[in-house]
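Undergrad: Can you keep this structure in mind? I'll have questions shortly.
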Amino acid sequence: MEQQRPKKLLDQVRDAVRLKHYSDRTEESYVNWIRRYILFHNKRHPNEMGSAEITAFLNHLATEERVAASTQNQALSALLFLYRDVLKKELNAPIDALRARKPKHLPTVLTKEEVQKVIGLMSGTQQLMAKLLYGSGLRLSECAQLRVKDLDFAQRQVIVHDGKGMQDRVTMLPESLVKPLQEHLQRVKRLHEADLAQGHGSVELSYALQRKYPNADKEWIWQFVFPSARLAKDPKTGIVRRWYTSDTTLQKAVQKAAQMAGINKPVSCHTFRHSFATHLLQNGYDIRTVQELLGHKDVKTTMIYTHVLNRGGLGVRSPLD
């Protein structure tokens with residue numbers, strides 16, 4: 001009997017990431033950083049390397065490529081995952097790399113009037129998603145990947161599962177979005193029923209959920225609130241599914257609306273989240289409440305919005321006045 005060849009290293013990485021139920025985006029990021037690490041060291045196998053080689057790679061990212069601190073941290077997380085979870089190998093020394101500098105810039109925040117102007121120039125599903133980003137403080141990926149069961153109309157709340165850092169949290173569902181979302185879901189349900197009639201209608205679930213509830217992938221409550229326009233084949237399983245809508249579609253729509261509105265600031269989907277936090281603080285809500293709604297682990301992350309509030313004429317009165 002022919003002996004089965006061992007899996008390639010990057011395939012082992014993908015298996016380990018999926019076993020941890022990390023997102024597809026994390027999987028691609030980890031694979032990319034591990035590939036770059038191997039190529040940087042002239043295709044040496046990571047088993048032959050250790051802390052010194054990781055340090056050299058991270059130093060290169062900081063000094064030669066001048067990456068942001070968050071990018072360097074992402075690369076480090078990928079390499080630590082490789083040694084800990086794939087190679088099952090203890091590193092022989094601490095990682096003592098030069099740390100990339102954290103950029104000291106304040107987030108772009110729109111006024112309430114600017115938010116309304118930008119959203120008013122959008123329409124349809126994209127406008128509804130933009131309203132959720134601002135009204136609930138969601139990240140773009142959290143909004144795009146919402147499932148039907150995550151909208152609690154009775155309690156007027158949105159449940160965010162596996163947000164950044166694999167954390168769950170609850171945030172508010174704006175009263176003004178209840179009826180539009182319910183009407184939107186009626187249209188999505190008709191689309192789902194049409195998919196089922198054609199022999200499709202399944203949605204991607206984590207391996208553990210799929211094993212525990214074999215038919216859950218076709219149940220209504222697990223479907224995406226904002227499904228993609230087209231069906232597509234799952235590269236992992238070959239099953240034809242309807243995925244969630246593309247992040248880039250909404251990003252482009254927001255940027256186009258901001259240009260049409262004449263906003264002279266760099267506006268992205270994340271700008272709505274920054275504006276959500278800042279406007280809540282302006283309205284007198286305490287920082288711990290805002291921290292919880294945003295899902296920040298550390299209140300220091302939320303504190304940046306207090307600096308935004310204190311910027312310019314918002315915090316200090318000019319002597320000229």
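Residues in the structure tokens are numbered from 1 in each chain, the chains being A, B, ... in the order shown, and ligands are numbered from 1 in the order shown.
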Find the residues near stretch 84-89 of chain A: any atom within 7 Å, counting only C-alpha atoms, skip ones fewer than 2 places away on the same chain, and give them as an MDAnalysis selection string.

TA: chainID A and resid 12:13 16 80:82 91

Undergrad: Got a sec: who's within 12 Å of A:Lys252, counting only C-alpha atoms, leaving out chain neighbours fewer than 2 positions off, as a list in words?

TA: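 Here the answer would be Met122, Gln126, Ala130, Ser246, Asp247, Thr248, Thr249, Leu250, Val254, Gln255, Lys256, Ala257, Ala258, Gln259, Val267, Ser268 and Cys269 of chain A.
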
Undergrad: Neighbours of A:His274 within 8 Å (only C-alpha atoms; same-chain residues fewer than 4 positions away dropped), as a list of chain:residue names?

TA: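 Here the qualifying residues turn out to be A:Pro107, A:Thr108, A:Val109, A:Gly137, A:His270, A:Thr278, A:Tyr305.
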
Undergrad: Write a file of the just-selected residues containing N, CA and C atoms, as a PDB file, in the first residue's frame.

TA:
```
ATOM      1  N   PRO A 107      -8.624  59.531  14.919  1.00  0.00           N
ATOM      2  CA  PRO A 107      -9.538  59.016  13.890  1.00  0.00           C
ATOM      3  C   PRO A 107     -10.354  60.132  13.248  1.00  0.00           C
ATOM      4  N   THR A 108     -10.709  59.919  11.988  1.00  0.00           N
ATOM      5  CA  THR A 108     -11.589  60.870  11.289  1.00  0.00           C
ATOM      6  C   THR A 108     -13.008  60.709  11.810  1.00  0.00           C
ATOM      7  N   VAL A 109     -13.615  61.822  12.201  1.00  0.00           N
ATOM      8  CA  VAL A 109     -14.987  61.808  12.726  1.00  0.00           C
ATOM      9  C   VAL A 109     -15.817  62.810  11.935  1.00  0.00           C
ATOM     10  N   GLY A 137     -22.660  51.128  15.699  1.00  0.00           N
ATOM     11  CA  GLY A 137     -21.215  51.120  15.951  1.00  0.00           C
ATOM     12  C   GLY A 137     -20.528  49.851  15.479  1.00  0.00           C
ATOM     13  N   HIS A 270     -15.359  52.670   8.334  1.00  0.00           N
ATOM     14  CA  HIS A 270     -14.972  52.724   9.744  1.00  0.00           C
ATOM     15  C   HIS A 270     -15.200  54.114  10.338  1.00  0.00           C
ATOM     16  N   THR A 278     -17.917  58.916  19.152  1.00  0.00           N
ATOM     17  CA  THR A 278     -17.733  60.325  19.509  1.00  0.00           C
ATOM     18  C   THR A 278     -19.070  60.999  19.818  1.00  0.00           C
ATOM     19  N   TYR A 305     -11.301  58.678  21.720  1.00  0.00           N
ATOM     20  CA  TYR A 305     -12.424  59.524  21.314  1.00  0.00           C
ATOM     21  C   TYR A 305     -12.579  60.732  22.232  1.00  0.00           C
TER      22      TYR A 305
END
```

Undergrad: If I take atom CA of A:Ala154 and atom CA of A:Phe276, how far is one from the other in Å, to one decimal?

TA: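 Spanning atom CA of A:Ala154 to atom CA of A:Phe276 is a straight-line distance of 22.5 Å.
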
Undergrad: Using only C-alpha atoms, find the one residue out of A:Ala52, A:Leu231, A:Leu138, A:Leu61 that sits nearest to A:His296.

TA: A:Leu138

Undergrad: Do you have the atom CA of A:Leu79-atom CA of A:Tyr37 distance handy?

TA: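 So the answer is 8.2 Å.
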
Undergrad: Residues of stretch 235-320 of chain A that have any atom at most 7 Å from an atom of stretch 197-205 of chain A: could you tabulate them with the shortest-distance atom pair and the distance in Å to one decimal, using only C-alpha atoms, ordered by chain and increasing number, as JSON lines?

TA:
```
{"residue": "A:Val240", "atom": "CA", "partner": "A:His200", "partner_atom": "CA", "distance": 6.6}
{"residue": "A:Arg241", "atom": "CA", "partner": "A:Ser202", "partner_atom": "CA", "distance": 5.6}
{"residue": "A:Arg242", "atom": "CA", "partner": "A:Val203", "partner_atom": "CA", "distance": 6.4}
{"residue": "A:Trp243", "atom": "CA", "partner": "A:Val203", "partner_atom": "CA", "distance": 6.8}
```

Undergrad: Which residues in stretch 13-245 of chain A does DSSP call strand (DSSP E or B)? List them as a list in words.

TA: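 Going through stretch 13-245 of chain A, the strand (DSSP E or B) residues come out as Arg147, Leu151, Asp152, Gln157, Val158, Ile159, Val160, Arg169, Val170, Thr171, Met172, Phe224, Pro227, Ser228, Ala229, Arg230, Leu231, Ala232, Lys233, Val240, Arg241, Arg242, Trp243 and Tyr244 of chain A.
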
Undergrad: Store the residues picked out above in a file with N, CA and C atoms, as an mmCIF file, in the first residue's frame.

TA:
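The result, stored in selection.cif:
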```
data_model
loop_
_atom_site.group_PDB
_atom_site.id
_atom_site.type_symbol
_atom_site.label_atom_id
_atom_site.label_comp_id
_atom_site.auth_asym_id
_atom_site.auth_seq_id
_atom_site.Cartn_x
_atom_site.Cartn_y
_atom_site.Cartn_z
ATOM 1 N N ARG A 147 -26.036 37.519 10.848
ATOM 2 C CA ARG A 147 -26.996 36.483 10.478
ATOM 3 C C ARG A 147 -28.369 36.858 11.026
ATOM 4 N N LEU A 151 -30.233 39.594 14.940
ATOM 5 C CA LEU A 151 -31.084 40.781 15.093
ATOM 6 C C LEU A 151 -32.221 40.468 16.054
ATOM 7 N N ASP A 152 -32.194 41.087 17.212
ATOM 8 C CA ASP A 152 -33.219 40.873 18.230
ATOM 9 C C ASP A 152 -34.150 42.088 18.225
ATOM 10 N N GLN A 157 -31.831 45.059 19.938
ATOM 11 C CA GLN A 157 -30.389 44.911 20.058
ATOM 12 C C GLN A 157 -29.813 44.046 18.937
ATOM 13 N N VAL A 158 -28.527 44.234 18.696
ATOM 14 C CA VAL A 158 -27.777 43.441 17.724
ATOM 15 C C VAL A 158 -26.740 42.639 18.498
ATOM 16 N N ILE A 159 -26.717 41.336 18.268
ATOM 17 C CA ILE A 159 -25.727 40.483 18.924
ATOM 18 C C ILE A 159 -24.599 40.237 17.939
ATOM 19 N N VAL A 160 -23.403 40.658 18.318
ATOM 20 C CA VAL A 160 -22.229 40.474 17.467
ATOM 21 C C VAL A 160 -21.461 39.256 17.967
ATOM 22 N N ARG A 169 -20.507 40.421 21.749
ATOM 23 C CA ARG A 169 -20.998 41.593 22.481
ATOM 24 C C ARG A 169 -22.412 41.928 21.997
ATOM 25 N N VAL A 170 -23.065 42.827 22.722
ATOM 26 C CA VAL A 170 -24.410 43.288 22.365
ATOM 27 C C VAL A 170 -24.353 44.799 22.192
ATOM 28 N N THR A 171 -24.987 45.287 21.130
ATOM 29 C CA THR A 171 -25.098 46.732 20.932
ATOM 30 C C THR A 171 -26.548 47.057 20.567
ATOM 31 N N MET A 172 -26.862 48.347 20.495
ATOM 32 C CA MET A 172 -28.256 48.723 20.274
ATOM 33 C C MET A 172 -28.676 48.578 18.816
ATOM 34 N N PHE A 224 -27.348 34.838 6.091
ATOM 35 C CA PHE A 224 -26.783 36.179 6.227
ATOM 36 C C PHE A 224 -27.866 37.233 5.993
ATOM 37 N N PRO A 227 -26.963 39.094 2.107
ATOM 38 C CA PRO A 227 -26.351 38.076 1.250
ATOM 39 C C PRO A 227 -25.800 38.664 -0.045
ATOM 40 N N SER A 228 -24.876 37.934 -0.647
ATOM 41 C CA SER A 228 -24.305 38.363 -1.926
ATOM 42 C C SER A 228 -25.341 38.213 -3.039
ATOM 43 N N ALA A 229 -25.100 38.894 -4.140
ATOM 44 C CA ALA A 229 -26.052 38.869 -5.260
ATOM 45 C C ALA A 229 -25.992 37.544 -6.021
ATOM 46 N N ARG A 230 -24.838 36.864 -5.932
ATOM 47 C CA ARG A 230 -24.665 35.640 -6.714
ATOM 48 C C ARG A 230 -24.293 34.451 -5.827
ATOM 49 N N LEU A 231 -24.638 33.277 -6.300
ATOM 50 C CA LEU A 231 -24.180 32.044 -5.663
ATOM 51 C C LEU A 231 -22.730 31.787 -6.073
ATOM 52 N N ALA A 232 -21.973 31.118 -5.210
ATOM 53 C CA ALA A 232 -20.573 30.808 -5.526
ATOM 54 C C ALA A 232 -20.174 29.503 -4.861
ATOM 55 N N LYS A 233 -19.215 28.826 -5.469
ATOM 56 C CA LYS A 233 -18.763 27.537 -4.944
ATOM 57 C C LYS A 233 -17.813 27.741 -3.770
ATOM 58 N N VAL A 240 -22.133 24.784 -3.508
ATOM 59 C CA VAL A 240 -22.547 26.100 -4.024
ATOM 60 C C VAL A 240 -23.373 26.798 -2.946
ATOM 61 N N ARG A 241 -22.923 27.968 -2.542
ATOM 62 C CA ARG A 241 -23.577 28.695 -1.444
ATOM 63 C C ARG A 241 -23.824 30.144 -1.843
ATOM 64 N N ARG A 242 -24.623 30.827 -1.014
ATOM 65 C CA ARG A 242 -24.768 32.285 -1.124
ATOM 66 C C ARG A 242 -24.029 32.889 0.065
ATOM 67 N N TRP A 243 -22.979 33.642 -0.218
ATOM 68 C CA TRP A 243 -22.144 34.217 0.834
ATOM 69 C C TRP A 243 -22.700 35.571 1.269
ATOM 70 N N TYR A 244 -21.999 36.229 2.175
ATOM 71 C CA TYR A 244 -22.392 37.577 2.566
ATOM 72 C C TYR A 244 -21.862 38.567 1.534
#
```

Undergrad: As a PyMOL selection string, list the residues of stretch 62-99 of chain A assigned to helix (DSSP H, G or I) by DSSP on the backbone atoms of this structure.

TA: chain A and resi 62-63+69-86

Undergrad: Please produce an output containing C-alpha atoms for each residue in the selection, written as a PDB file, in the first residue's frame.

TA:
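So the final result, stored in result_3.pdb, reads:
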```pdb
ATOM      1  CA  ALA A  62       9.978  47.626  11.021  1.00  0.00           C
ATOM      2  CA  THR A  63      13.145  49.158   9.529  1.00  0.00           C
ATOM      3  CA  ALA A  69       2.801  48.510  14.577  1.00  0.00           C
ATOM      4  CA  SER A  70      -0.470  46.629  14.044  1.00  0.00           C
ATOM      5  CA  THR A  71       0.933  44.989  10.881  1.00  0.00           C
ATOM      6  CA  GLN A  72       4.088  43.888  12.678  1.00  0.00           C
ATOM      7  CA  ASN A  73       1.979  42.493  15.539  1.00  0.00           C
ATOM      8  CA  GLN A  74      -0.102  40.555  13.027  1.00  0.00           C
ATOM      9  CA  ALA A  75       3.057  39.012  11.538  1.00  0.00           C
ATOM     10  CA  LEU A  76       4.276  38.064  15.025  1.00  0.00           C
ATOM     11  CA  SER A  77       0.910  36.460  15.877  1.00  0.00           C
ATOM     12  CA  ALA A  78       1.091  34.369  12.694  1.00  0.00           C
ATOM     13  CA  LEU A  79       4.606  33.122  13.464  1.00  0.00           C
ATOM     14  CA  LEU A  80       3.820  32.344  17.101  1.00  0.00           C
ATOM     15  CA  PHE A  81       0.787  30.388  15.871  1.00  0.00           C
ATOM     16  CA  LEU A  82       3.025  28.480  13.439  1.00  0.00           C
ATOM     17  CA  TYR A  83       5.430  27.308  16.139  1.00  0.00           C
ATOM     18  CA  ARG A  84       2.861  26.760  18.899  1.00  0.00           C
ATOM     19  CA  ASP A  85      -0.079  25.233  17.033  1.00  0.00           C
ATOM     20  CA  VAL A  86       1.392  23.722  13.871  1.00  0.00           C
TER      21      VAL A  86
END
```

Undergrad: One number please: atom CA of A:Glu48 to atom CA of A:Asn92, in Å, one decimal.

TA: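 Separating atom CA of A:Glu48 from atom CA of A:Asn92 is a distance of 11.6 Å.
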
Undergrad: Which residues come within 10 Å of A:His184, counting only C-alpha atoms, excluding same-chain residues fewer than 4 positions away, as an MDAnalysis selection string?

TA: chainID A and resid 124:125 128 178:180 188:189 225:226
